[in-house]
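Listing of entry.cif, mmCIF, C-alpha atoms
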data_target
loop_
_atom_site.label_atom_id
_atom_site.label_comp_id
_atom_site.auth_asym_id
_atom_site.auth_seq_id
_atom_site.Cartn_x
_atom_site.Cartn_y
_atom_site.Cartn_z
CA VAL A 1 0.00 0.00 0.00
CA SER A 2 1.41 3.39 -0.98
CA THR A 3 2.07 5.89 1.77
CA PRO A 4 1.42 9.64 1.34
CA VAL A 5 4.60 11.72 1.26
CA ALA A 6 5.43 13.97 4.21
CA GLN A 7 6.22 16.99 1.99
CA PRO A 8 3.72 17.09 -0.89
CA PHE A 9 5.18 20.18 -2.60
CA VAL A 10 8.84 20.95 -3.28
CA ILE A 11 9.21 24.58 -4.34
CA THR A 12 12.19 25.91 -6.30
CA PHE A 13 11.64 29.63 -5.89
CA SER A 14 13.21 32.56 -7.72
CA CYS A 15 12.42 36.06 -6.47
CA ASN A 16 14.12 39.37 -7.33
CA LEU A 17 12.38 41.51 -4.72
CA THR A 18 13.52 42.34 -1.18
CA ALA A 19 14.51 39.44 1.04
CA THR A 20 11.58 40.19 3.34
CA ILE A 21 8.99 40.09 0.55
CA CYS A 22 10.59 36.98 -0.97
CA ASN A 23 10.39 35.20 2.39
CA TYR A 24 6.75 36.18 2.82
CA ALA A 25 6.00 34.89 -0.69
CA ARG A 26 7.81 31.62 -0.01
CA ASP A 27 5.69 31.18 3.12
CA GLY A 28 2.61 31.68 0.95
CA PHE A 29 3.70 28.86 -1.35
CA LEU A 30 4.30 26.49 1.54
CA SER A 31 0.91 27.28 3.09
CA ALA A 32 -0.88 26.88 -0.26
CA GLY A 33 0.76 23.46 -0.69
CA LYS A 34 -0.48 22.42 2.75
CA ARG A 35 -4.02 23.51 1.90
CA ILE A 36 -3.99 21.38 -1.24
CA ALA A 37 -2.54 18.42 0.66
CA SER A 38 -5.31 18.76 3.25
CA SER A 39 -7.80 17.80 0.51
CA LEU A 40 -5.84 15.57 -1.89
CA THR A 41 -3.45 12.66 -1.36
CA PHE A 42 0.10 12.77 -2.71
CA TYR A 43 2.14 9.59 -3.07
CA LYS A 44 4.92 11.41 -4.88
CA PRO A 45 5.91 15.04 -4.33
CA ILE A 46 5.00 17.80 -6.78
CA ASN A 47 8.03 19.75 -7.94
CA VAL A 48 7.21 23.39 -8.65
CA ARG A 49 9.41 25.94 -10.42
CA ALA A 50 8.08 29.33 -9.31
CA ASN A 51 9.20 32.84 -10.23
CA PHE A 52 8.10 36.09 -8.60
CA TYR A 53 8.99 39.22 -10.54
CA SER A 54 7.58 42.30 -12.28
CA PHE A 55 5.74 41.21 -15.44
CA CYS A 56 5.91 44.73 -16.88
CA GLY A 57 9.45 45.54 -15.77
CA GLY A 58 8.78 49.24 -15.45
CA ARG A 59 7.00 49.56 -18.81
CA SER A 60 3.78 51.57 -19.00
CA ALA A 61 0.50 49.71 -18.74
CA SER A 62 -0.30 50.56 -22.37
CA SER A 63 2.78 48.65 -23.57
CA CYS A 64 2.47 45.65 -21.23
CA ASP A 65 0.19 42.79 -22.32
CA LEU A 66 0.41 41.15 -18.88
CA LYS A 67 -0.49 44.22 -16.81
CA ASP A 68 -3.74 42.62 -15.60
CA THR A 69 -2.29 39.15 -14.93
CA LEU A 70 -1.79 38.28 -11.27
CA GLY A 71 -0.06 35.02 -12.01
CA GLN A 72 -0.06 32.06 -14.35
CA ALA A 73 0.80 28.39 -14.07
CA THR A 74 0.71 25.28 -16.16
CA ALA A 75 1.74 21.67 -15.95
CA ALA A 76 5.40 21.48 -16.94
CA ALA A 77 4.75 18.26 -18.85
CA TYR A 78 1.84 16.09 -19.95
CA ILE A 79 1.71 12.34 -20.49
CA ALA A 80 -0.80 10.63 -22.79
CA ALA A 81 -2.64 7.75 -21.10
CA ARG A 82 -6.00 6.03 -20.80
CA PRO A 83 -7.92 6.45 -17.53
CA ALA A 84 -7.11 3.57 -15.17
CA LYS A 85 -10.60 3.00 -13.77
CA SER A 86 -12.85 3.58 -16.76
CA ASP A 87 -14.30 1.88 -19.79
CA ASP A 88 -13.11 4.86 -21.83
CA THR A 89 -10.65 3.64 -24.46
CA GLU A 90 -9.52 7.13 -25.49
CA TYR A 91 -6.19 8.61 -24.54
CA TYR A 92 -6.03 11.90 -22.64
CA MET A 93 -3.19 14.19 -21.65
CA TYR A 94 -2.49 13.91 -17.91
CA PRO A 95 -0.48 16.62 -16.16
CA GLN A 96 2.71 14.96 -14.97
CA GLY A 97 1.99 15.75 -11.32
CA LEU A 98 -1.29 13.83 -11.48
CA PHE A 99 0.09 10.98 -13.58
CA LYS A 100 2.79 10.31 -10.96
CA GLN A 101 0.12 9.61 -8.32
CA LEU A 102 -1.78 7.04 -10.37
CA SER A 103 -1.37 3.39 -11.31
CA ILE A 104 -1.73 3.73 -15.06
CA ASN A 105 -0.21 1.08 -17.27
CA VAL A 106 2.04 3.27 -19.37
CA ASP A 107 5.73 2.55 -19.87
CA VAL A 108 7.06 5.58 -17.97
CA THR A 109 9.74 5.45 -15.29
CA ASP A 110 10.91 8.13 -12.88
CA SER A 111 13.86 8.91 -15.15
CA ASP A 112 11.42 9.85 -17.94
CA TYR A 113 9.79 12.62 -15.93
CA SER A 114 10.61 16.28 -16.39
CA ASP A 115 12.45 17.88 -13.49
CA TYR A 116 9.38 19.94 -12.64
CA ASP A 117 5.69 19.15 -12.54
CA ILE A 118 4.42 22.75 -12.52
CA PHE A 119 5.80 26.01 -13.88
CA ALA A 120 4.34 29.06 -12.12
CA GLU A 121 5.04 32.78 -12.14
CA PHE A 122 3.54 35.67 -10.21
CA ASN A 123 3.37 39.36 -10.94
CA ALA A 124 5.12 41.60 -8.42
CA ASP A 125 3.46 44.68 -9.99
CA PHE A 126 0.36 44.02 -7.86
CA SER A 127 -0.20 44.93 -4.22
CA PHE A 128 -0.29 41.58 -2.47
CA HIS A 129 -1.00 40.77 1.15
CA TYR A 130 1.21 38.12 2.78
CA ASN A 131 -0.25 36.25 5.70
CA SER A 132 3.09 35.69 7.44
CA SER A 133 3.72 39.46 7.52
CA GLY A 134 1.37 39.66 10.51
CA THR A 135 -0.24 42.83 9.16
CA PRO A 136 -3.96 43.19 8.32
CA ILE A 137 -4.95 43.08 4.68
CA GLN A 138 -5.81 46.45 3.11
CA PRO A 139 -8.90 47.09 0.93
CA ASN A 140 -6.83 47.34 -2.25
CA GLN A 141 -4.71 44.26 -1.57
CA ILE A 142 -5.02 40.76 -3.00
CA ASP A 143 -4.20 37.75 -0.86
CA PHE A 144 -1.01 36.23 -2.32
CA GLU A 145 -1.81 32.74 -1.08
CA PHE A 146 -5.20 32.87 -2.83
CA VAL A 147 -3.44 33.53 -6.16
CA VAL A 148 -0.80 30.83 -5.54
CA LEU A 149 -3.43 28.24 -4.62
CA HIS A 150 -5.51 29.11 -7.69
CA GLU A 151 -2.53 28.83 -10.06
CA LEU A 152 -1.18 25.62 -8.55
CA THR A 153 -4.63 24.10 -9.04
CA HIS A 154 -4.38 24.91 -12.74
CA GLY A 155 -1.05 23.08 -12.71
CA LEU A 156 -2.72 20.07 -11.09
CA GLY A 157 -5.07 19.72 -14.05
CA ILE A 158 -7.85 22.32 -14.20
CA ASN A 159 -6.77 23.39 -17.65
CA THR A 160 -8.11 22.79 -21.12
CA GLY A 161 -6.53 21.49 -24.31
CA TRP A 162 -8.96 23.51 -26.45
CA VAL A 163 -7.26 26.56 -27.95
CA SER A 164 -7.74 29.27 -30.52
CA TYR A 165 -4.80 29.09 -32.87
CA ALA A 166 -5.30 32.81 -33.57
CA SER A 167 -4.54 33.57 -29.90
CA ILE A 168 -1.15 31.81 -29.99
CA SER A 169 1.38 34.53 -30.77
CA ALA A 170 3.92 32.03 -32.10
CA LEU A 171 1.46 31.05 -34.83
CA SER A 172 0.59 34.62 -35.86
CA SER A 173 2.72 34.48 -39.01
CA LEU A 174 0.55 31.59 -40.23
CA LYS A 175 -2.56 33.81 -39.90
CA PRO A 176 -5.00 31.21 -38.54
CA LYS A 177 -8.65 32.25 -38.45
CA ALA A 178 -10.16 33.35 -35.16
CA ASP A 179 -13.58 31.69 -35.45
CA TYR A 180 -12.84 28.21 -34.10
CA LEU A 181 -11.41 26.21 -31.19
CA ALA A 182 -9.42 23.04 -31.72
CA PRO A 183 -7.10 20.68 -29.85
CA ILE A 184 -3.37 21.27 -30.07
CA PRO A 185 -1.56 19.52 -32.94
CA ASP A 186 1.53 17.46 -32.15
CA PHE A 187 4.22 19.09 -34.25
CA ALA A 188 7.95 18.56 -34.47
CA GLY A 189 10.69 20.70 -35.98
CA SER A 190 13.26 23.36 -35.16
CA SER A 191 11.04 26.18 -36.42
CA PHE A 192 7.40 26.80 -37.29
CA ASP A 193 8.42 27.12 -40.94
CA THR A 194 9.72 23.55 -41.07
CA ALA A 195 7.56 21.91 -38.39
CA THR A 196 5.44 18.95 -39.47
CA VAL A 197 2.31 17.54 -37.83
CA PRO A 198 2.21 13.73 -37.50
CA GLN A 199 -0.93 13.63 -35.33
CA TRP A 200 -3.29 15.48 -33.04
CA LEU A 201 -2.51 15.56 -29.33
CA PRO A 202 -5.25 14.02 -27.18
CA LEU A 203 -7.50 16.31 -25.19
CA ASN A 204 -6.57 17.07 -21.58
CA ILE A 205 -8.11 14.80 -18.95
CA PHE A 206 -10.04 17.91 -17.80
CA ASP A 207 -11.75 18.00 -21.22
CA LYS A 208 -13.05 14.44 -20.88
CA PHE A 209 -15.74 15.78 -18.54
CA MET A 210 -16.75 18.88 -20.49
CA VAL A 211 -20.37 18.93 -21.69
CA GLU A 212 -22.78 21.33 -23.33
CA SER A 213 -24.83 22.70 -20.43
CA SER A 214 -28.20 22.66 -22.20
CA THR A 215 -27.98 19.07 -23.48
CA SER A 216 -25.27 17.37 -21.34
CA ASN A 217 -23.72 16.19 -24.63
CA SER A 218 -20.03 15.33 -24.26
CA ILE A 219 -17.80 17.75 -26.17
CA ALA A 220 -15.12 15.04 -26.42
CA ARG A 221 -17.53 12.56 -28.01
CA THR A 222 -19.21 15.01 -30.37
CA VAL A 223 -17.01 17.93 -31.39
CA ALA A 224 -13.59 16.31 -30.85
CA THR A 225 -14.48 13.11 -32.69
CA ARG A 226 -15.43 15.11 -35.77
CA ILE A 227 -12.27 17.24 -35.59
CA PHE A 228 -10.01 14.21 -35.23
CA SER A 229 -11.36 12.83 -38.51
CA TYR A 230 -9.05 15.37 -40.20
CA ILE A 231 -5.81 13.38 -40.58
CA PRO A 232 -2.59 15.44 -40.24
CA ASN A 233 -0.51 13.17 -42.53
CA ASN A 234 2.79 14.84 -41.57
CA ARG A 235 1.79 18.07 -43.28
CA LYS A 236 3.87 21.15 -42.63
CA LEU A 237 2.29 23.16 -39.83
CA ALA A 238 1.16 25.93 -42.19
CA ASP A 239 -0.40 23.38 -44.56
CA PHE A 240 -1.99 21.56 -41.64
CA ILE A 241 -3.74 24.74 -40.46
CA SER A 242 -4.85 25.88 -43.90
CA GLY A 243 -5.98 22.35 -44.76
CA PHE A 244 -7.96 22.08 -41.54
CA GLN A 245 -9.66 25.41 -42.23
CA ASN A 246 -10.82 23.94 -45.55
CA SER A 247 -11.69 20.47 -44.24
CA GLY A 248 -15.47 20.74 -44.23
CA ASP A 249 -17.06 18.95 -41.29
CA PRO A 250 -13.97 18.88 -38.99
CA TYR A 251 -13.63 22.64 -39.33
CA ALA A 252 -17.37 23.13 -38.90
CA ALA A 253 -17.15 21.18 -35.62
CA ALA A 254 -14.37 23.48 -34.38
CA GLN A 255 -16.44 26.51 -35.36
CA SER A 256 -19.46 25.12 -33.52
CA LEU A 257 -17.49 24.94 -30.27
CA TYR A 258 -16.31 28.53 -30.67
CA LYS A 259 -19.91 29.60 -31.26
CA LEU A 260 -21.01 27.70 -28.15
CA VAL A 261 -18.28 29.21 -25.97
CA THR A 262 -19.15 32.73 -27.14
CA ALA A 263 -22.95 32.34 -27.26
CA ASN A 264 -23.59 33.24 -23.63
CA THR A 265 -22.47 32.59 -20.07
CA LYS A 266 -22.59 29.06 -18.61
CA THR A 267 -22.88 27.28 -21.98
CA LEU A 268 -20.32 24.67 -20.92
CA SER A 269 -20.16 22.58 -17.77
CA PHE A 270 -17.83 20.10 -16.11
CA ALA A 271 -19.87 16.94 -15.49
CA ILE A 272 -18.74 15.45 -12.18
CA PRO A 273 -19.61 11.74 -12.19
CA PRO A 274 -21.25 10.02 -9.21
CA SER A 275 -18.95 8.79 -6.46
CA THR A 276 -19.31 6.98 -3.16
CA LEU A 277 -19.24 10.34 -1.35
CA ASN A 278 -21.63 12.02 -3.79
CA PRO A 279 -23.96 9.43 -5.38
CA ASN A 280 -25.56 11.96 -7.74
CA ALA A 281 -23.83 13.43 -10.77
CA ARG A 282 -23.20 17.15 -10.43
CA PHE A 283 -22.33 19.92 -12.85
CA ALA A 284 -20.01 22.90 -12.45
CA PHE A 285 -20.63 25.76 -14.88
CA LEU A 286 -17.45 26.75 -16.70
CA GLN A 287 -16.54 30.32 -17.59
CA THR A 288 -17.88 31.43 -20.96
CA VAL A 289 -18.69 35.00 -22.02
CA LYS A 290 -21.17 36.26 -24.59
CA ASP A 291 -19.45 37.43 -27.79
CA LYS A 292 -15.95 36.93 -26.35
CA TYR A 293 -13.38 34.16 -26.24
CA LEU A 294 -10.81 35.04 -23.59
CA PRO A 295 -7.62 32.93 -23.83
CA GLY A 296 -6.55 31.76 -20.40
CA SER A 297 -9.93 32.63 -18.90
CA SER A 298 -12.64 30.94 -20.96
CA ILE A 299 -13.34 27.25 -20.21
CA ALA A 300 -10.52 26.66 -17.69
CA HIS A 301 -12.33 28.44 -14.82
CA VAL A 302 -15.72 28.19 -13.17
CA ASP A 303 -18.37 30.82 -13.88
CA TYR A 304 -17.66 33.99 -11.92
CA ASP A 305 -21.21 35.13 -11.17
CA THR A 306 -22.35 31.66 -10.09
CA TYR A 307 -19.50 30.81 -7.74
CA TRP A 308 -17.72 33.88 -6.36
CA GLN A 309 -19.95 33.92 -3.28
CA THR A 310 -19.85 30.15 -2.69
CA PRO A 311 -17.40 27.59 -1.26
CA ASP A 312 -16.20 27.06 -4.87
CA PHE A 313 -14.86 30.60 -5.24
CA LEU A 314 -11.25 29.52 -5.75
CA MET A 315 -11.31 28.83 -9.50
CA ILE A 316 -13.22 31.91 -10.67
CA PRO A 317 -11.29 33.78 -13.41
CA ALA A 318 -10.70 37.05 -11.52
CA VAL A 319 -10.43 38.20 -7.91
CA GLN A 320 -12.64 41.31 -8.37
CA ASN A 321 -15.03 41.42 -5.39
CA LEU A 322 -12.73 39.36 -3.17
CA THR A 323 -10.00 42.02 -3.02
CA GLY A 324 -9.28 43.10 0.55
CA LEU A 325 -10.05 39.69 2.03
CA THR A 326 -7.59 37.03 3.13
CA LEU A 327 -8.04 33.46 1.94
CA ASP A 328 -9.10 32.38 5.44
CA GLN A 329 -11.66 35.18 5.61
CA ILE A 330 -13.17 34.09 2.28
CA VAL A 331 -13.28 30.42 3.33
CA LEU A 332 -15.01 31.24 6.61
CA ARG A 333 -17.40 33.68 4.95
CA TYR A 334 -18.78 31.03 2.57
CA THR A 335 -18.24 27.88 4.65
CA PRO A 336 -18.47 29.08 8.27
CA SER A 337 -18.28 25.56 9.71
CA THR A 338 -14.88 24.81 8.15
CA LEU A 339 -12.32 23.57 10.65
CA PRO A 340 -8.53 23.43 10.27
CA ASP A 341 -7.17 20.20 8.82
CA SER A 342 -5.79 17.95 11.57
CA ARG A 343 -2.56 17.10 9.73
CA PHE A 344 -1.48 20.46 8.29
CA LYS A 345 -3.40 22.83 10.63
CA VAL A 346 -4.77 24.93 7.75
CA LEU A 347 -8.28 25.67 6.53
CA PRO A 348 -9.03 23.60 3.39
CA ALA A 349 -10.02 25.92 0.52
CA TYR A 350 -11.57 23.58 -2.06
CA GLY A 351 -15.35 23.59 -2.31
CA ASN A 352 -17.19 20.34 -3.07
CA LEU A 353 -17.50 21.06 -6.79
CA THR A 354 -13.82 21.97 -7.16
CA LEU A 355 -12.83 18.87 -5.23
CA GLY A 356 -15.25 16.79 -7.32
CA MET A 357 -13.58 18.04 -10.51
CA LEU A 358 -10.13 17.09 -9.24
CA HIS A 359 -11.31 13.66 -8.08
CA ALA A 360 -13.03 13.06 -11.43
CA MET A 361 -9.72 13.59 -13.21
CA GLY A 362 -8.14 11.00 -10.94
CA TRP A 363 -6.69 12.86 -7.98
CA PRO A 364 -6.73 10.56 -4.94
#

Would you mind writing the file's structure down as structure tokens?
Amino acid sequence: VSTPVAQPFVITFSCNLTATICNYARDGFLSAGKRIASSLTFYKPINVRANFYSFCGGRSASSCDLKDTLGQATAAAYIAARPAKSDDTEYYMYPQGLFKQLSINVDVTDSDYSDYDIFAEFNADFSFHYNSSGTPIQPNQIDFEFVVLHELTHGLGINTGWVSYASISALSSLKPKADYLAPIPDFAGSSFDTATVPQWLPLNIFDKFMVESSTSNSIARTVATRIFSYIPNNRKLADFISGFQNSGDPYAAAQSLYKLVTANTKTLSFAIPPSTLNPNARFAFLQTVKDKYLPGSSIAHVDYDTYWQTPDFLMIPAVQNLTGLTLDQIVLRYTPSTLPDSRFKVLPAYGNLTLGMLHAMGWP
């Protein structure tokens, strides 16, 4: 029987601010890791490479694309595998940190893993509050640990493989259209000019559970199946994109998802399957916005208006109305009966829907 590790998160931290602020920020990382470990089980540690610096570097807001970004994180590596306890025969991309915890029959050894499981960076241009500073949070401050916990949870798997090629700056020279969403192609080559596409990458394990809210139809089984009927055939990346945009039904399927995501709010949901703890299937509305696709915000968060005043506040796409509150204050405001975890002595910060999403993807 596997035994949970004593230190679930190992943080390699780079910070170019004052030693005092860097120490406060490091404390925030350690506390966020404990909060996650109070709700999930880790049999192997998660290695995080985290940077804390000014995203704008002194540039004016008008010349800084990341001026409104508090932080960002992603899995450092993904591994394609089939779910271990499922009749689903499809492959999905598992974030390495999750894959390491599971018994999935894929020929991967520890030496095959990337050095890090999560890459994360945080924007020192914002006014953050640090819990270990011992000072009260100010009305204009954002709780640093809230942001860290949110971003680490993205790195654990709440992230989508559906993208708009037009929003990927590295592909801008290929001029992809902006009216569709598609999975990421698996391409190889030293440059985008010479890169070839042997195959599509599978969807993320998060995407396995994505459904149309009004019908409960699986996006993976409907839209993705039609898109994957377009065979890459080792085309050059430019030819792959132009060919896909002239592929008929596969392209129409990708357009239909874009139309759904931009039709209104709450058009997509994460379908949480029944479990022994929750015998009824549940649905979490995902973030969609009428007439807008917002890269990094759409799909990979829960709906702001539905959840910001609930125990599932953590994965909303923006802090907004929660500025000036510490993470503990928010937890106790929306789940007053919450008690500190007995092992790590912290207040757990995952609501039942958020925890259900993580468990659905396989987190023990």

Give me, as a list in words, all polymer residues having an atom no more than 6 Å from stretch 58-75 of chain A, counting only C-alpha atoms and skipping those fewer than 4 positions away in the same chain.
Pro95, Asp117, Ile118, Phe119, Ala120, Glu121, Phe122, Asn123, Glu151 and Gly155 of chain A

Step by step, work through what the PyMOL selection byres ((chain A and resi 296) around 10) selects in the shown file, and finish by giving those residues as a VMD selection string.
chain A and resid 72 159 to 160 163 167 293 to 295 297 to 301 317

Could you check the closest approach to A:Thr265 for each of A:Val289, A:Val106, A:Ala224, A:Val211 and tell me which residue wins, using all atoms listed in the file?
A:Val289

Tell me which residues come within 12 Å of (4.4, 35.0, 5.5), as a list in words, counting all atoms listed in the file in the file's coordinates.
Ala19, Thr20, Ile21, Cys22, Asn23, Tyr24, Ala25, Arg26, Asp27, Gly28, Phe29, Leu30, Ser31, Ala32, Phe128, His129, Tyr130, Asn131, Ser132, Ser133, Gly134, Thr135, Asp143, Phe144 and Glu145 of chain A

Can you turn the PyMOL selection byres ((chain A and resi 346) around 10) into a concrete residue list for this file, as a compact mmCIF listing (two decimals) with C-alpha atoms, keeping the file's coordinate frame?
# COMPACT_ATOMS: atom_id res chain seq x y z
CA SER A 31 0.91 27.28 3.09
CA ALA A 32 -0.88 26.88 -0.26
CA LYS A 34 -0.48 22.42 2.75
CA ARG A 35 -4.02 23.51 1.90
CA ILE A 36 -3.99 21.38 -1.24
CA ALA A 37 -2.54 18.42 0.66
CA SER A 38 -5.31 18.76 3.25
CA ASP A 328 -9.10 32.38 5.44
CA LEU A 339 -12.32 23.57 10.65
CA PRO A 340 -8.53 23.43 10.27
CA ASP A 341 -7.17 20.20 8.82
CA SER A 342 -5.79 17.95 11.57
CA ARG A 343 -2.56 17.10 9.73
CA PHE A 344 -1.48 20.46 8.29
CA LYS A 345 -3.40 22.83 10.63
CA LEU A 347 -8.28 25.67 6.53
CA PRO A 348 -9.03 23.60 3.39
CA ALA A 349 -10.02 25.92 0.52

Run the PyMOL selection byres ((chain A and resi 43) around 6) against the file shown and list the residues it catches, as a list in words.
Pro4, Val5, Phe42, Lys44 and Gln101 of chain A

Rounded to one decimal, what separation in Å do you get between atom CA of A:Asp193 and atom CA of A:Tyr180?
22.4 Å

Å distance separating atom CA of A:Gln320 from atom CA of A:Ser213, one decimal place:
25.3 Å

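Within 12 Å of A:Thr109, once all atoms listed in the file are used and residues closer than 3 positions along the same chain are dropped, the contacting residues are Ile79, Gln96, Phe99, Lys100, Ser103, Ile104, Asn105, Val106, Asp112, Tyr113 and Ser114 of chain A.
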
Can you tell me how far atom CA of A:Arg49 sits from atom CA of A:Ala77, in Å to one decimal?
12.3 Å

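Around stretch 173-177 of chain A, within 7 Å and counting all atoms listed in the file, the residues found are Tyr165, Ala166, Ala238 and Ile241 of chain A, once anything fewer than 6 positions away on its own chain is removed.
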
Shell of 7 Å around A:Leu156, only C-alpha atoms, local chain residues under 2 positions omitted, as a ChimeraX atom specification
/A:75,95,97-98,152-154,158

Neighbouring residues of A:Asp249 were defined as those with any atom within 12 Å, considering only C-alpha atoms; residues of the same chain fewer than 5 positions away were excluded. Please report them as a VMD selection string.
chain A and resid 222 to 230 244 254 to 256

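Candidate residues A:Val319, A:Val302, A:Ala81, A:Ile11 were compared for distance to A:Ile46, and the nearest is A:Ile11, using all atoms listed in the file.
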
Between A:Tyr116, A:Tyr91, A:Trp308, A:Tyr53, single out the one closest to A:Thr12, counting all atoms listed in the file.
A:Tyr116

Return the single residue from A:Ile205, A:Ala50, A:Ala6, A:Gln141 that is closest to A:Tyr78, with distances computed using all atoms listed in the file.
A:Ile205
